[in-house]
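> Quick one: the structure is below, questions incoming.
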Amino acid sequence: MAYVKAVETIKEIEREDFIGGGTFACSGCQPVLGIKYVFKALGKNAIMVNSAGCMTLTANYPFTPYKVNWVHNAIENADSTAAGILAGLKRKGLDKKATIVVYAGDGATYDIGFQALSGMFDRYENIIHVCYNNEVFANTGYQRSAATPLYARTSTTPIVAGRTEGNIHPRKHMTKIMLAHGAPYVATACTAFPLDFVKKLQKAASINGPKYIELLAPCIPGWLLEQDKGRKIGELMVQSGVWPLYEIENNFFKVTVQPRMIPIEEALKIQGRYAHLNKEEAAAIQKQINEEWEKFNKGEFWNVSEY
Amino acid sequence: MIELLDGNFACAWAVKLCKVQVIPVFPITPQTELMEMLSEWKAEGKIDLELLFAESEHSVLSAALGSEMTENRTFSSTSSQGLLLMHEILPIVSGTRMPVVMVNGCRAISAPITLWPDHNDLLAMRDSGWLLFMAETNQELLDSIIIAFRVSEDKRILLPSLVGMDGFILSYTREEVNIPEQELVDKFLPELKLEVKIDLNKPMTLGTPCIEEYMYFKSQLHKAQLNALKVLEEAHKEWFKLTGRNYDLIEEFFVEGAQAVIVMMGANSTIAKAAVRQMRKKGKKVGLVRIRVLRPFPEEKIKNALSKAKRIAVVDQNISAGISGILYPEIKACVADGKKIVSNYVISLGGKMISIKDFRAIFNDLLKARKEERKWLM
Amino acid sequence: MKESKLVAEKELKYEGIKGIPASITGMGEMPDTGSWKILKPKIDSSKCIKCLLCWLHCPDTAVKRMPDDSIQFDLQICKGCGSCAEVCPVKCIEMVKAKGE
């Protein structure tokens, strides 16, 4: 896989943009910002395969904002299409020149596209899967997905009189699942920390095999935020420890941004989707985050006793 | 070179001769032998292609779409449940205008689950925008795959093709097949050249969503299907010149002067033809029209073939529950003139055995009929 | 929206690759997303420290990075989200009324 020169500072990040403006993404949308970062990290020989979702709206015939190859078909088969493209490129001798990246939402990764994702990892294909996680099925109206965290308000777990818990199921732990597939590289990222994300993409591009990067990309209308707060909320979620930033390369776990551990209420209560959070719920979340970070700070990602 | 080949083996030969580059595949009875054959050949170094063992048929067709987009000849094969699982992606492949060729081992659909053949799975795909072929013999199967690649990849078409072979009757039964030489196929089938594809030097956005233009794209797809009527004719003529084997959109068997004609598809036509010969010897004026290409629908040819016949039986090896066999309304709409009797006979669902005697019974019933009949061969 | 009219099937013309739903860069007119904004960014260049954070965090690539690392706004693309003003560490970007641009 090829990528643009490895970067250490913001100034070194690729100047050229491979996605332009004029998309139908919401004003302040973080997932579309994620696409910009992916191409800045991987360059013009990146081929992006996109799952149907919010990012479908970036192009609208005949207009396209992309200056690179962008392929779009159904919601649940982005990984399989990417595997087919890789097989085709191998026949043409171009698989070392091009980098294939799948850009799929959390619904298309955790839920409906899980089979294709698992199959792709099982075949050990040389593809990067970036999951832009806005923690809901955003494009269809912010319904609950398997990535929706505990107590969040969504359109299918609404807050009404007599029912104020929001989402009652904890979310699926995808990074553990993808690591259990034997992936050589698994990482989490956030659009509020672009340099960290770009470095992780470039690291992934240099590794042979299937890579999984989960990008926290706050959704302005879905999380009931103001349009300029996308970055700020992402930063707060990282600094409170709710969204840990780490990478696991060949089973070696490393935290890449050490959070200040601000109280989780500071990060969550200001989000519209958590405005209903009461003291017990907040305490439960804080306890779970504290336990997780106790483990992380010891350099452990998971305990054998957990399984 | 003439060899005894079963359907799966004939497909493997066609794939080798067409120099297919990528084959994503998932096993399902009755096509498993095809992928086993290809794996063995690849391990022995007899063919050089990329075999992708996907985790489901849905992923198989998605991978086929992906690899065709990189301008590589792609092939796959499946059957009933697998074809139905792929159904979401079939219109995506035809809508993106990628010329993938797929072989379907026609097998009855669950429930109840069975392994034996009928045509419901293939016919469920008639609205998907794919070109549809149905083979009667393993020879025709091998030839049809090569012709399908040529026609699909033609610039005037650029549509994927589905070639049907009856499960077990063709797929696992050995028949004499004349395997063409590589040079002959190279003369007939040029290298794949696509203009819309993934090219690192000329980037494209493939599968752009659209609103108002959707109808325009579908009209172009329809026009491409209609173009196939002419392009198939040209391809068949050239194939005849190279091999001496003559194919057409439909096959007319003893239709001259026939009073009663059966219209049907698939491998059971061989048995029906034997019944036609027997009855013609006894002086009964009967004939058979076999539909070889169902999409694009050969309306003119069918109308002409059946213009003189007074009694027509559409023999369906399939059923659209609640109306009739699936071919029946399509054929009837094309030939009924208020004076002909057009009846529907449903046979051999789930591979229920059918014999020459049964076809004679159908012919006799047709010759005796005073009005349109709907009957099932139970 | 174009007016619809009835066309005979045989008069529809097959238009080759034009009839395939794929786009090349530069094809078609860019949607006027600049008209979405209610507020627009205004920079006091004298205070700008050229940290490039606004360039990095703009979701629509409306903040252009100049060769000397100063920045300029492309108001035709800008949706007025305010991410640039929010992230600026010296607060030299202000969101002002866009006046129906």
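Chain labels follow the order of the structure tokens: the first chain is A, the next B, and so on; residue numbering restarts at 1 in every chain, and ligands are counted from 1 in their shown order.
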At most 12 Å is the cut-off: for each residue in chain C with any atom that close to an atom of chain A, write down the nearest atom pair and the distance in Å rounded to one decimal, counting only C-alpha atoms, chain first then increasing number, as a tab-separated table.

```
residue	atom	partner	partner_atom	distance
C:Lys18	CA	A:Pro62	CA	10.6
C:Gly19	CA	A:Pro62	CA	11.4
C:Ile20	CA	A:Tyr61	CA	10.7
C:Pro21	CA	A:Tyr61	CA	7.5
C:Ala22	CA	A:Pro62	CA	7.8
C:Ser23	CA	A:Pro62	CA	5.9
C:Ile24	CA	A:Thr64	CA	7.1
C:Thr25	CA	A:Lys67	CA	5.6
C:Gly26	CA	A:Thr64	CA	7.2
C:Met27	CA	A:Phe63	CA	5.6
C:Gly28	CA	A:Phe63	CA	4.5
C:Glu29	CA	A:Phe63	CA	6.0
C:Met30	CA	A:Gly22	CA	5.6
C:Pro31	CA	A:Gly22	CA	5.4
C:Asp32	CA	A:Gly22	CA	6.7
C:Thr33	CA	A:Gly22	CA	5.5
C:Gly34	CA	A:Gly22	CA	7.9
C:Ser35	CA	A:Gly22	CA	10.5
C:Trp36	CA	A:Ser27	CA	8.3
C:Lys37	CA	A:Ser27	CA	8.4
C:Ile38	CA	A:Ser27	CA	10.9
C:Leu39	CA	A:Gln227	CA	11.2
C:Pro41	CA	A:Asp228	CA	11.9
C:Lys50	CA	A:Lys11	CA	9.6
C:Cys51	CA	A:Lys11	CA	8.1
C:Leu52	CA	A:Lys11	CA	7.4
C:Leu53	CA	A:Ile10	CA	8.2
C:Cys54	CA	A:Arg231	CA	11.2
C:Trp55	CA	A:Arg15	CA	9.8
C:Leu56	CA	A:Pro194	CA	7.6
C:His57	CA	A:Leu33	CA	7.3
C:Cys58	CA	A:Leu33	CA	7.1
C:Pro59	CA	A:Leu33	CA	4.3
C:Asp60	CA	A:Gly21	CA	4.9
C:Thr61	CA	A:Gly21	CA	5.9
C:Ala62	CA	A:Gly21	CA	6.8
C:Val63	CA	A:Gly21	CA	10.3
C:Lys64	CA	A:Arg15	CA	9.3
C:Arg65	CA	A:Arg15	CA	7.3
C:Met66	CA	A:Arg15	CA	9.2
C:Pro67	CA	A:Arg15	CA	9.3
C:Asp68	CA	A:Lys11	CA	11.0
C:Asp69	CA	A:Lys11	CA	8.4
C:Ser70	CA	A:Lys11	CA	11.6
C:Asp74	CA	A:Gly21	CA	9.4
C:Leu75	CA	A:Gly21	CA	10.5
C:Gln76	CA	A:Gly22	CA	8.6
C:Ile77	CA	A:Gly21	CA	5.5
C:Cys78	CA	A:Gly21	CA	7.9
C:Lys79	CA	A:Ser27	CA	5.6
C:Gly80	CA	A:Ser27	CA	7.0
C:Cys81	CA	A:Gly28	CA	5.0
C:Gly82	CA	A:Asp228	CA	4.8
C:Ser83	CA	A:Asp228	CA	4.6
C:Cys84	CA	A:Asp228	CA	8.1
C:Ala85	CA	A:Asp228	CA	8.3
C:Glu86	CA	A:Asp228	CA	6.5
C:Val87	CA	A:Arg231	CA	7.9
C:Cys88	CA	A:Arg231	CA	11.7
C:Met95	CA	A:Asp228	CA	10.6
```
> May I ask you to extract the residues of chain B within 8 Å of chain A, using only C-alpha atoms, and to give them as a VMD selection string?
chain B and resid 21 to 22 24 49 to 50 52 54 to 55 58 to 60 62 to 72 89 92 198 to 200 203 to 211 213
> Show me, as a compact mmCIF listing (two decimals) with C-alpha atoms, in the first residue's frame, every residue of chain B with an atom at most 10 Å from chain C, counting only C-alpha atoms.

```
# COMPACT_ATOMS: atom_id res chain seq x y z
CA GLY B 95 -27.67 -0.46 -13.08
CA THR B 96 -23.94 0.24 -12.86
CA ARG B 97 -23.65 -1.46 -16.30
CA MET B 98 -20.95 -3.95 -15.39
CA LYS B 155 -20.22 -1.38 -26.09
CA ARG B 156 -23.80 -1.28 -27.31
CA ILE B 157 -24.93 -3.35 -24.32
CA LEU B 158 -22.69 -3.42 -21.21
CA LEU B 194 -14.36 -0.61 -20.25
CA GLU B 195 -14.60 3.17 -20.33
CA VAL B 196 -16.33 3.55 -17.00
CA LYS B 197 -14.06 1.88 -14.46
CA LYS B 202 -8.68 9.12 -14.42
CA PRO B 203 -10.65 8.96 -11.15
CA MET B 204 -14.42 8.46 -11.27
CA THR B 205 -17.31 8.41 -8.89
CA LEU B 206 -19.13 5.13 -9.56
CA GLY B 207 -22.71 4.75 -8.43
CA THR B 208 -23.51 8.42 -7.96
CA PRO B 209 -26.91 8.86 -6.39
CA CYS B 210 -29.43 10.76 -8.50
CA GLU B 212 -34.52 13.26 -11.74
CA GLU B 213 -32.08 11.37 -13.92
CA TYR B 214 -33.05 7.91 -12.57
CA TYR B 216 -33.24 8.39 -17.98
CA PHE B 217 -30.74 5.77 -16.74
CA LYS B 218 -33.42 3.09 -16.66
CA SER B 219 -34.51 3.99 -20.18
CA GLN B 220 -30.91 3.57 -21.31
CA LEU B 221 -30.74 0.17 -19.59
CA HIS B 222 -33.93 -0.87 -21.40
CA LYS B 223 -32.51 0.35 -24.71
CA ALA B 224 -29.31 -1.63 -24.08
CA LEU B 226 -33.25 -4.12 -26.85
CA ASN B 227 -29.91 -3.60 -28.61
```
> In Å, how far is it from CA of Pro117 (chain B) to CA of Pro180 (chain B)?
28.1 Å
> Rounded to one decimal place, report the CA of Ile75 (chain A)-CA of Asn50 (chain A) distance in Å.
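Here the two named atoms are 8.2 Å from each other.
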> Going by DSSP on the backbone, which residues of chain C come out as alpha helix (DSSP H)? List them as JSON, numbers by chain.
{"C": [53, 54, 55, 56, 57, 83, 84, 85, 86, 87]}
> Could you take the residues named above and write them with C-alpha atoms, as a PDB file, in the first residue's frame?

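Below is the file selection_30.pdb, written as the result:
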```pdb
ATOM      1  CA  LEU C  53      -6.386  24.669  12.978  1.00  0.00           C
ATOM      2  CA  CYS C  54      -9.274  26.359  11.122  1.00  0.00           C
ATOM      3  CA  TRP C  55      -8.008  24.921   7.821  1.00  0.00           C
ATOM      4  CA  LEU C  56      -7.851  21.483   9.399  1.00  0.00           C
ATOM      5  CA  HIS C  57     -11.265  21.499  11.060  1.00  0.00           C
ATOM      6  CA  SER C  83     -16.198  25.394  13.331  1.00  0.00           C
ATOM      7  CA  CYS C  84     -13.331  27.688  12.292  1.00  0.00           C
ATOM      8  CA  ALA C  85     -14.293  30.420  14.776  1.00  0.00           C
ATOM      9  CA  GLU C  86     -14.870  27.832  17.508  1.00  0.00           C
ATOM     10  CA  VAL C  87     -11.442  26.197  17.177  1.00  0.00           C
TER      11      VAL C  87
END
```
> Go through A:Ala146, A:Val242, A:Ala189, A:Met178 one by one, measure the shortest atom-to-atom distance of each to Glu291 (chain A) using only C-alpha atoms, and give the residue with the smallest value.
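The closest residue to Glu291 (chain A) is A:Val242.
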> To one decimal place in Å, what is the distance between CA of Glu136 (chain B) and CA of Ile312 (chain B)?
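Pair CA of Glu136 (chain B) / CA of Ile312 (chain B) returns 20.5 Å.
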> Just asking: which residues within region 20-180 of chain A are strand (DSSP E) according to DSSP, as an MDAnalysis selection string?
chainID A and resid 46:50 69:72 99:105 128:133
> Output N, CA and C atoms for every residue in the selection just made, as a short mmCIF file (atom, residue, chain, number, x, y, z; two decimals), in the first residue's frame.

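Done, and the output landed in part_20.cif:
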```
data_model
loop_
_atom_site.label_atom_id
_atom_site.label_comp_id
_atom_site.auth_asym_id
_atom_site.auth_seq_id
_atom_site.Cartn_x
_atom_site.Cartn_y
_atom_site.Cartn_z
N ALA A 46 -5.78 6.60 -3.29
CA ALA A 46 -6.71 5.90 -2.41
C ALA A 46 -8.01 5.67 -3.16
N ILE A 47 -8.59 4.48 -2.96
CA ILE A 47 -9.90 4.20 -3.55
C ILE A 47 -10.83 4.02 -2.37
N MET A 48 -11.87 4.84 -2.30
CA MET A 48 -12.78 4.74 -1.17
C MET A 48 -14.05 4.02 -1.58
N VAL A 49 -14.41 3.00 -0.81
CA VAL A 49 -15.68 2.31 -1.04
C VAL A 49 -16.59 2.72 0.10
N ASN A 50 -17.72 3.28 -0.24
CA ASN A 50 -18.58 3.86 0.76
C ASN A 50 -19.86 3.06 0.93
N ASN A 69 -10.95 8.11 -6.81
CA ASN A 69 -11.96 7.11 -7.10
C ASN A 69 -12.85 6.87 -5.90
N TRP A 70 -14.13 6.92 -6.11
CA TRP A 70 -15.10 6.73 -5.02
C TRP A 70 -16.19 5.81 -5.53
N VAL A 71 -16.42 4.72 -4.81
CA VAL A 71 -17.37 3.71 -5.26
C VAL A 71 -18.47 3.59 -4.23
N HIS A 72 -19.66 3.48 -4.71
CA HIS A 72 -20.78 3.42 -3.77
C HIS A 72 -21.78 2.40 -4.27
N THR A 99 -4.41 2.24 -2.44
CA THR A 99 -4.83 1.89 -1.09
C THR A 99 -6.34 1.84 -1.09
N ILE A 100 -6.89 0.72 -0.62
CA ILE A 100 -8.36 0.63 -0.61
C ILE A 100 -8.84 0.88 0.81
N VAL A 101 -9.74 1.83 0.95
CA VAL A 101 -10.29 2.12 2.27
C VAL A 101 -11.81 2.06 2.19
N VAL A 102 -12.40 1.36 3.14
CA VAL A 102 -13.85 1.29 3.24
C VAL A 102 -14.28 2.34 4.26
N TYR A 103 -15.22 3.19 3.89
CA TYR A 103 -15.70 4.23 4.81
C TYR A 103 -17.17 3.92 5.08
N ALA A 104 -17.41 3.29 6.22
CA ALA A 104 -18.78 2.84 6.50
C ALA A 104 -19.25 3.41 7.81
N GLY A 105 -20.52 3.71 7.91
CA GLY A 105 -21.08 4.24 9.14
C GLY A 105 -21.16 3.15 10.21
N ILE A 128 -8.28 -1.18 4.58
CA ILE A 128 -8.51 -0.45 5.82
C ILE A 128 -10.02 -0.22 5.94
N HIS A 129 -10.59 -0.60 7.07
CA HIS A 129 -12.01 -0.32 7.30
C HIS A 129 -12.11 0.81 8.30
N VAL A 130 -12.60 1.96 7.86
CA VAL A 130 -12.81 3.08 8.77
C VAL A 130 -14.30 3.16 9.05
N CYS A 131 -14.66 3.04 10.32
CA CYS A 131 -16.06 3.14 10.68
C CYS A 131 -16.30 4.54 11.23
N TYR A 132 -17.07 5.36 10.54
CA TYR A 132 -17.38 6.69 11.08
C TYR A 132 -18.57 6.52 12.02
N ASN A 133 -18.29 6.63 13.30
CA ASN A 133 -19.26 6.29 14.31
C ASN A 133 -19.98 7.53 14.82
#
```
